>>> print(open('work_7.txt').read())   # compact mmCIF, C-alpha atoms
# COMPACT_ATOMS: atom_id res chain seq x y z
CA THR X 27 79.58 125.14 44.42
CA LEU X 28 80.07 124.66 48.16
CA LEU X 29 76.44 125.54 48.78
CA VAL X 30 75.05 122.89 46.45
CA MET X 31 77.65 120.33 47.55
CA ALA X 32 76.41 120.79 51.11
CA MET X 33 72.86 120.32 49.84
CA GLY X 34 73.76 117.16 47.93
CA LEU X 35 75.50 115.56 50.92
CA ALA X 36 72.57 116.37 53.20
CA VAL X 37 70.13 114.85 50.69
CA ALA X 38 72.30 111.74 50.39
CA VAL X 39 72.11 110.94 54.10
CA GLY X 40 68.76 112.55 54.92
CA LYS X 41 70.05 115.39 57.10
CA PRO X 42 68.50 118.90 57.04
CA VAL X 43 69.80 120.95 54.11
CA TRP X 44 71.86 123.87 55.47
CA GLY X 45 70.63 122.87 58.92
CA LYS X 46 67.03 123.88 58.17
CA PHE X 47 65.22 122.25 55.24
CA LYS X 48 64.21 118.60 55.48
CA PRO X 49 64.92 116.81 52.17
CA ARG X 50 63.66 113.64 50.59
CA GLN X 51 66.64 111.35 50.98
CA GLY X 52 68.30 109.87 47.91
CA ALA X 53 71.55 109.45 46.02
CA TYR X 54 73.55 112.55 45.08
CA ILE X 55 75.46 112.79 41.78
CA HIS X 56 78.04 115.52 41.27
CA LEU X 57 79.37 116.24 37.77
CA ASP X 58 82.49 118.37 38.12
CA HIS X 59 83.45 119.95 34.80
CA GLU X 60 85.85 122.56 36.18
CA GLN X 61 87.22 122.10 39.73
CA GLY X 62 89.34 118.96 39.34
CA LEU X 63 89.75 115.86 41.51
CA SER X 64 91.89 117.35 44.26
CA GLU X 65 89.65 120.35 44.94
CA THR X 66 86.43 118.35 44.64
CA ARG X 67 87.71 115.71 47.04
CA LYS X 68 88.86 118.35 49.54
CA ARG X 69 85.49 120.09 49.49
CA ILE X 70 83.49 116.89 49.91
CA ARG X 71 85.62 115.82 52.85
CA ALA X 72 85.33 119.19 54.60
CA LEU X 73 81.56 119.48 54.09
CA ALA X 74 80.94 115.87 55.12
CA ALA X 75 82.97 116.50 58.26
CA GLY X 76 80.89 119.60 58.98
CA LEU X 77 77.74 117.48 58.75
CA GLY X 78 79.26 114.80 60.98
CA ILE X 79 79.11 112.24 58.16
CA ARG X 80 81.53 109.32 58.18
CA ARG X 81 82.64 107.87 54.88
CA SER X 82 80.83 104.60 55.54
CA GLU X 83 77.54 106.53 55.49
CA LEU X 84 78.19 107.73 51.94
CA ILE X 85 78.80 104.36 50.33
CA GLY X 86 76.33 103.94 47.50
CA LYS X 87 74.76 107.34 48.21
CA ILE X 88 77.10 109.69 46.35
CA ARG X 89 78.66 109.46 42.91
CA VAL X 90 81.22 111.97 41.68
CA SER X 91 82.50 112.28 38.12
CA VAL X 92 85.40 114.67 37.50
CA PHE X 93 85.68 116.01 33.93
CA PRO X 94 83.11 113.50 32.62
CA ASP X 95 83.25 112.42 28.99
CA VAL X 96 79.57 113.26 28.49
CA ASN X 97 78.36 116.86 28.38
CA LEU X 98 75.27 118.62 27.06
CA THR X 99 76.67 118.77 23.52
CA THR X 100 77.35 115.02 23.35
CA PRO X 101 75.25 113.11 20.77
CA ASP X 102 72.46 111.10 22.45
CA ALA X 103 73.17 112.95 25.70
CA VAL X 104 69.62 112.41 27.01
CA ALA X 105 70.10 108.63 27.13
CA ALA X 106 73.46 109.02 28.85
CA TYR X 107 72.06 111.32 31.53
CA VAL X 108 69.05 109.06 32.06
CA ARG X 109 71.39 106.15 32.76
CA ALA X 110 73.41 108.25 35.21
CA MET X 111 70.39 109.76 36.98
CA THR X 112 68.27 106.64 37.35
CA GLY X 113 67.78 105.92 41.04
CA ALA X 114 69.24 109.25 42.17
CA ARG X 115 67.50 112.10 43.96
CA ILE X 116 69.70 115.03 42.94
CA LEU X 117 72.21 115.79 40.17
CA VAL X 118 74.54 118.80 40.28
CA VAL X 119 76.21 120.11 37.11
CA ASP X 120 79.20 122.38 37.76
CA SER X 121 78.99 124.46 35.65
CA LEU X 122 76.77 125.33 32.66
CA LYS X 123 79.62 127.03 30.79
CA ALA X 124 82.00 124.11 31.30
CA CYS X 125 79.29 121.59 30.37
CA THR X 126 78.62 123.26 27.02
CA PRO X 127 82.09 123.52 25.44
CA GLY X 128 82.29 125.65 22.32
CA VAL X 129 78.81 127.13 22.80
CA ASP X 130 78.41 130.89 23.14
CA GLU X 131 76.50 131.55 26.37
CA ASN X 132 74.60 134.29 24.52
CA SER X 133 73.24 131.78 22.02
CA SER X 134 69.57 130.81 22.30
CA SER X 135 70.64 127.24 21.45
CA LEU X 136 71.50 126.85 25.14
CA ARG X 137 67.82 126.30 25.83
CA ASP X 138 67.83 123.21 23.62
CA LEU X 139 70.93 121.92 25.43
CA LEU X 140 69.38 122.50 28.85
CA GLN X 141 66.34 120.55 27.70
CA VAL X 142 68.61 117.50 27.72
CA LEU X 143 68.61 117.73 31.51
CA THR X 144 64.91 118.58 31.63
CA LYS X 145 64.03 115.46 29.65
CA ALA X 146 66.33 113.26 31.72
CA SER X 147 64.82 114.64 34.92
CA GLU X 148 61.30 113.97 33.68
CA GLN X 149 62.19 110.36 32.89
CA THR X 150 64.01 109.62 36.15
CA GLY X 151 62.45 111.89 38.77
CA CYS X 152 65.92 113.15 39.67
CA ALA X 153 66.15 116.89 40.40
CA VAL X 154 68.85 118.81 38.53
CA ILE X 155 70.85 121.79 39.76
CA VAL X 156 72.99 123.64 37.23
CA ILE X 157 75.54 126.14 38.52
CA HIS X 158 75.80 129.30 36.43
CA HIS X 159 77.26 132.76 36.93
CA VAL X 160 75.68 136.21 37.17
CA THR X 161 76.71 139.31 35.25
CA LYS X 162 79.37 141.67 36.58
CA ALA X 163 77.02 144.62 36.22
CA ASP X 164 74.16 143.07 38.19
CA ASP X 165 74.69 140.23 40.65
CA ARG X 166 70.99 139.34 40.43
CA GLU X 167 70.95 138.73 36.67
CA LEU X 168 72.16 135.55 35.00
CA ARG X 169 74.95 135.88 32.47
CA GLY X 170 74.21 135.06 28.84
CA THR X 171 71.04 134.50 26.84
CA GLY X 172 67.61 134.86 28.40
CA ALA X 173 66.90 131.34 27.16
CA ILE X 174 68.77 130.05 30.23
CA SER X 175 66.29 131.69 32.59
CA ASN X 176 63.37 130.65 30.42
CA GLU X 177 64.28 126.96 30.56
CA ALA X 178 64.98 126.88 34.31
CA ALA X 179 62.04 125.97 36.53
CA THR X 180 63.57 127.58 39.60
CA ILE X 181 66.40 130.09 39.99
CA PHE X 182 68.29 130.94 43.15
CA ILE X 183 70.87 133.71 43.13
CA VAL X 184 73.73 133.58 45.64
CA VAL X 185 74.78 137.08 46.64
CA ALA X 186 78.13 137.42 48.37
CA ARG X 187 79.70 140.45 49.93
CA SER X 188 83.42 140.77 50.61
CA HIS X 189 84.79 140.27 54.14
CA THR X 190 81.84 138.21 55.32
CA THR X 191 81.14 134.50 55.65
CA ILE X 192 77.44 135.13 55.08
CA LYS X 193 75.78 134.83 51.67
CA ALA X 194 72.24 135.80 50.74
CA ILE X 195 70.03 133.38 48.80
CA LEU X 196 67.47 135.05 46.55
CA ASN X 197 64.73 133.04 44.86
CA VAL X 198 64.03 135.01 41.67
CA LYS X 199 61.99 132.36 39.84
CA ASN X 200 59.89 129.48 41.13
CA ARG X 201 57.65 127.91 38.51
CA PRO X 202 56.55 124.90 40.64
CA LEU X 203 55.28 127.03 43.55
CA GLN X 204 54.08 129.94 41.38
CA GLU X 205 55.62 132.34 43.90
CA ASN X 206 59.17 133.04 45.05
CA LEU X 207 60.41 132.03 48.46
CA ALA X 208 61.44 134.72 50.91
CA ASP X 209 65.11 135.70 50.81
CA PHE X 210 67.33 134.09 53.43
CA ALA X 211 71.01 133.89 54.29
CA VAL X 212 73.53 131.14 55.03
CA ARG X 213 76.76 131.25 56.98
CA PHE X 214 79.92 129.33 56.11
CA THR X 215 81.98 128.32 59.16
CA ASN X 216 85.39 126.66 59.15
CA GLY X 217 86.62 124.71 62.15
CA GLY X 218 84.91 123.13 65.09
CA GLY X 219 87.47 120.40 65.65
CA ASP X 220 89.26 117.84 63.52
CA PHE X 221 87.39 114.98 61.91
CA MET X 222 88.89 111.82 60.47
CA PHE X 223 87.30 109.84 57.68
CA GLU X 224 87.55 106.09 57.98
CA PRO X 225 90.39 104.57 55.88
CA THR X 226 89.14 103.41 52.50
CA PRO X 227 90.23 100.05 51.04
CA ASP X 228 91.03 100.12 47.36
CA GLY X 229 88.12 99.05 45.18
CA GLU X 230 85.44 99.75 47.77
CA GLU X 231 82.11 100.65 46.20
CA GLY X 232 81.05 104.30 46.17
CA VAL X 233 82.82 107.60 45.70
CA THR X 234 86.58 107.35 45.96
CA ILE X 235 87.76 110.04 48.32
CA GLY X 236 90.80 108.17 49.53
CA ALA X 237 92.17 107.15 52.89
CA VAL X 238 92.73 110.17 55.10
CA THR X 239 95.87 110.62 57.15
CA PRO X 240 95.88 114.38 57.90
CA PRO X 241 93.00 115.84 59.93
CA VAL X 242 90.08 117.35 58.02
CA VAL X 243 88.87 120.78 59.09
CA PRO X 244 85.06 120.71 59.01
CA LEU X 245 83.13 123.24 56.94
CA THR X 246 79.53 123.90 57.89
CA VAL X 247 76.85 125.72 55.87
CA GLU X 248 73.80 126.75 57.88
CA VAL X 249 70.85 129.10 57.45
CA VAL X 250 71.24 132.26 59.51
CA SER X 251 68.33 132.69 61.90
CA ASP X 252 68.85 136.42 62.49
CA ASP X 253 66.94 138.21 59.72
CA SER X 254 68.82 141.44 60.34
CA VAL X 255 71.91 140.13 58.56
CA MET X 256 70.01 140.15 55.28
CA THR X 257 69.98 143.93 55.11
CA ASP X 258 72.71 145.00 57.50
CA ARG X 259 75.54 142.68 56.48
CA VAL X 260 74.77 141.04 53.16
CA LEU X 261 72.42 142.92 50.88
CA ALA X 262 73.35 146.49 51.72
CA HIS X 263 74.86 148.24 48.69
>>> encode(input="work_7.txt", output="structure tokens")
Amino acid sequence: TLLVMAMGLAVAVGKPVWGKFKPRQGAYIHLDHEQGLSETRKRIRALAAGLGIRRSELIGKIRVSVFPDVNLTTPDAVAAYVRAMTGARILVVDSLKACTPGVDENSSSLRDLLQVLTKASEQTGCAVIVIHHVTKADDRELRGTGAISNEAATIFIVVARSHTTIKAILNVKNRPLQENLADFAVRFTNGGGDFMFEPTPDGEEGVTIGAVTPPVVPLTVEVVSDDSVMTDRVLAH
């Protein structure tokens, strides 16, 4: 979740994603179906601080919905998502399981539900990222029915190892490019000084993240330039 939040914020203001990849700037929508307002707000503030983004820069560029009324099982969901995604560059759904209440993740019907997002993306040009989990037996295999992998155009697996702030990013499917990107790693870093968001008047347009009185500890997410960490510190079993 932190990884894609950092991506969304970078896209919103046109900064390099994870300090490396230049995005096409556009509005970022985050649909939080499982974290809750307090945690989502805390994460956005920390990541924005890590990117050096002031709240005034996010006005009109980020929209956050916590426990939205619409999910992939909602009747006429395509129309609802089209309305939400129109004019945006990137939509994040956290997570697939929470966005499909009552649906067995081993059911092939999940492909039909994911096509809701595919259709909405086709109509709006807004890219969609859906967060899903891997199996306990194999951290490179998606949990649930194979229909999930079949519907996805691109799949990135985040591989974490205990006692390290570095995570490996593995591209295991890439339909648009017809070939997978090389594996790389990102590092999460807390600290680097306190950062204060500007106070927010009530009713101001844009995401409501509240006036900040305590200092915010920045959180940065950056691609690791040293390739040796991929085998020595992250991917070694």
>>> closest_atom_pairs(input="work_7.txt", of="range 117-179 of chain X", to="range 53-59 of chain X", cutoff="10 Å", atoms="all atoms listed in the file", output="Markdown table")
| residue | atom | partner | partner_atom | distance |
| --- | --- | --- | --- | --- |
| X:Leu117 | CA | X:Ile55 | CA | 4.7 |
| X:Val118 | CA | X:His56 | CA | 4.9 |
| X:Val119 | CA | X:Leu57 | CA | 5.0 |
| X:Asp120 | CA | X:Asp58 | CA | 5.2 |
| X:Ser121 | CA | X:His59 | CA | 6.4 |
| X:Leu122 | CA | X:His59 | CA | 8.8 |
| X:Lys123 | CA | X:His59 | CA | 9.0 |
| X:Ala124 | CA | X:His59 | CA | 5.6 |
| X:Cys125 | CA | X:His59 | CA | 6.3 |
| X:Thr126 | CA | X:His59 | CA | 9.7 |
| X:Cys152 | CA | X:Ala53 | CA | 9.3 |
| X:Ala153 | CA | X:Tyr54 | CA | 9.8 |
| X:Val154 | CA | X:Ile55 | CA | 9.5 |
| X:Ile155 | CA | X:His56 | CA | 9.7 |
| X:Val156 | CA | X:Leu57 | CA | 9.8 |
>>> write_last_selection(input="work_7.txt", atoms="C-alpha atoms", output="PDB file, keeping the file's coordinate frame")
ATOM      1  CA  LEU X 117      72.210 115.790  40.170  1.00  0.00           C
ATOM      2  CA  VAL X 118      74.540 118.800  40.280  1.00  0.00           C
ATOM      3  CA  VAL X 119      76.210 120.110  37.110  1.00  0.00           C
ATOM      4  CA  ASP X 120      79.200 122.380  37.760  1.00  0.00           C
ATOM      5  CA  SER X 121      78.990 124.460  35.650  1.00  0.00           C
ATOM      6  CA  LEU X 122      76.770 125.330  32.660  1.00  0.00           C
ATOM      7  CA  LYS X 123      79.620 127.030  30.790  1.00  0.00           C
ATOM      8  CA  ALA X 124      82.000 124.110  31.300  1.00  0.00           C
ATOM      9  CA  CYS X 125      79.290 121.590  30.370  1.00  0.00           C
ATOM     10  CA  THR X 126      78.620 123.260  27.020  1.00  0.00           C
ATOM     11  CA  CYS X 152      65.920 113.150  39.670  1.00  0.00           C
ATOM     12  CA  ALA X 153      66.150 116.890  40.400  1.00  0.00           C
ATOM     13  CA  VAL X 154      68.850 118.810  38.530  1.00  0.00           C
ATOM     14  CA  ILE X 155      70.850 121.790  39.760  1.00  0.00           C
ATOM     15  CA  VAL X 156      72.990 123.640  37.230  1.00  0.00           C
TER      16      VAL X 156
END
>>> closest_residue(input="work_7.txt", among="X:Met33, X:Val243, X:Leu207, X:Ala186", to="Phe47 in chain X", atoms="all atoms listed in the file")
X:Met33
>>> atom_distance(input="work_7.txt", atom1="CA of Thr27 in chain X", atom2="CA of Thr191 in chain X")
14.7 Å
>>> atom_distance(input="work_7.txt", atom1="CA of Val104 in chain X", atom2="CA of Leu140 in chain X")
10.3 Å
>>> residues_around(input="work_7.txt", residues="range 37-45 of chain X", least_positions_apart="5", cutoff="6 Å", atoms="only C-alpha atoms", output="list in words")
Gln51, Gly52, Ala53, Tyr54, Lys87, Val247, Glu248 and Val249 of chain X
>>> closest_residue(input="work_7.txt", among="X:Ala74, X:Thr150, X:Val129, X:Asp164", to="Gly113 in chain X", atoms="all atoms listed in the file")
X:Thr150
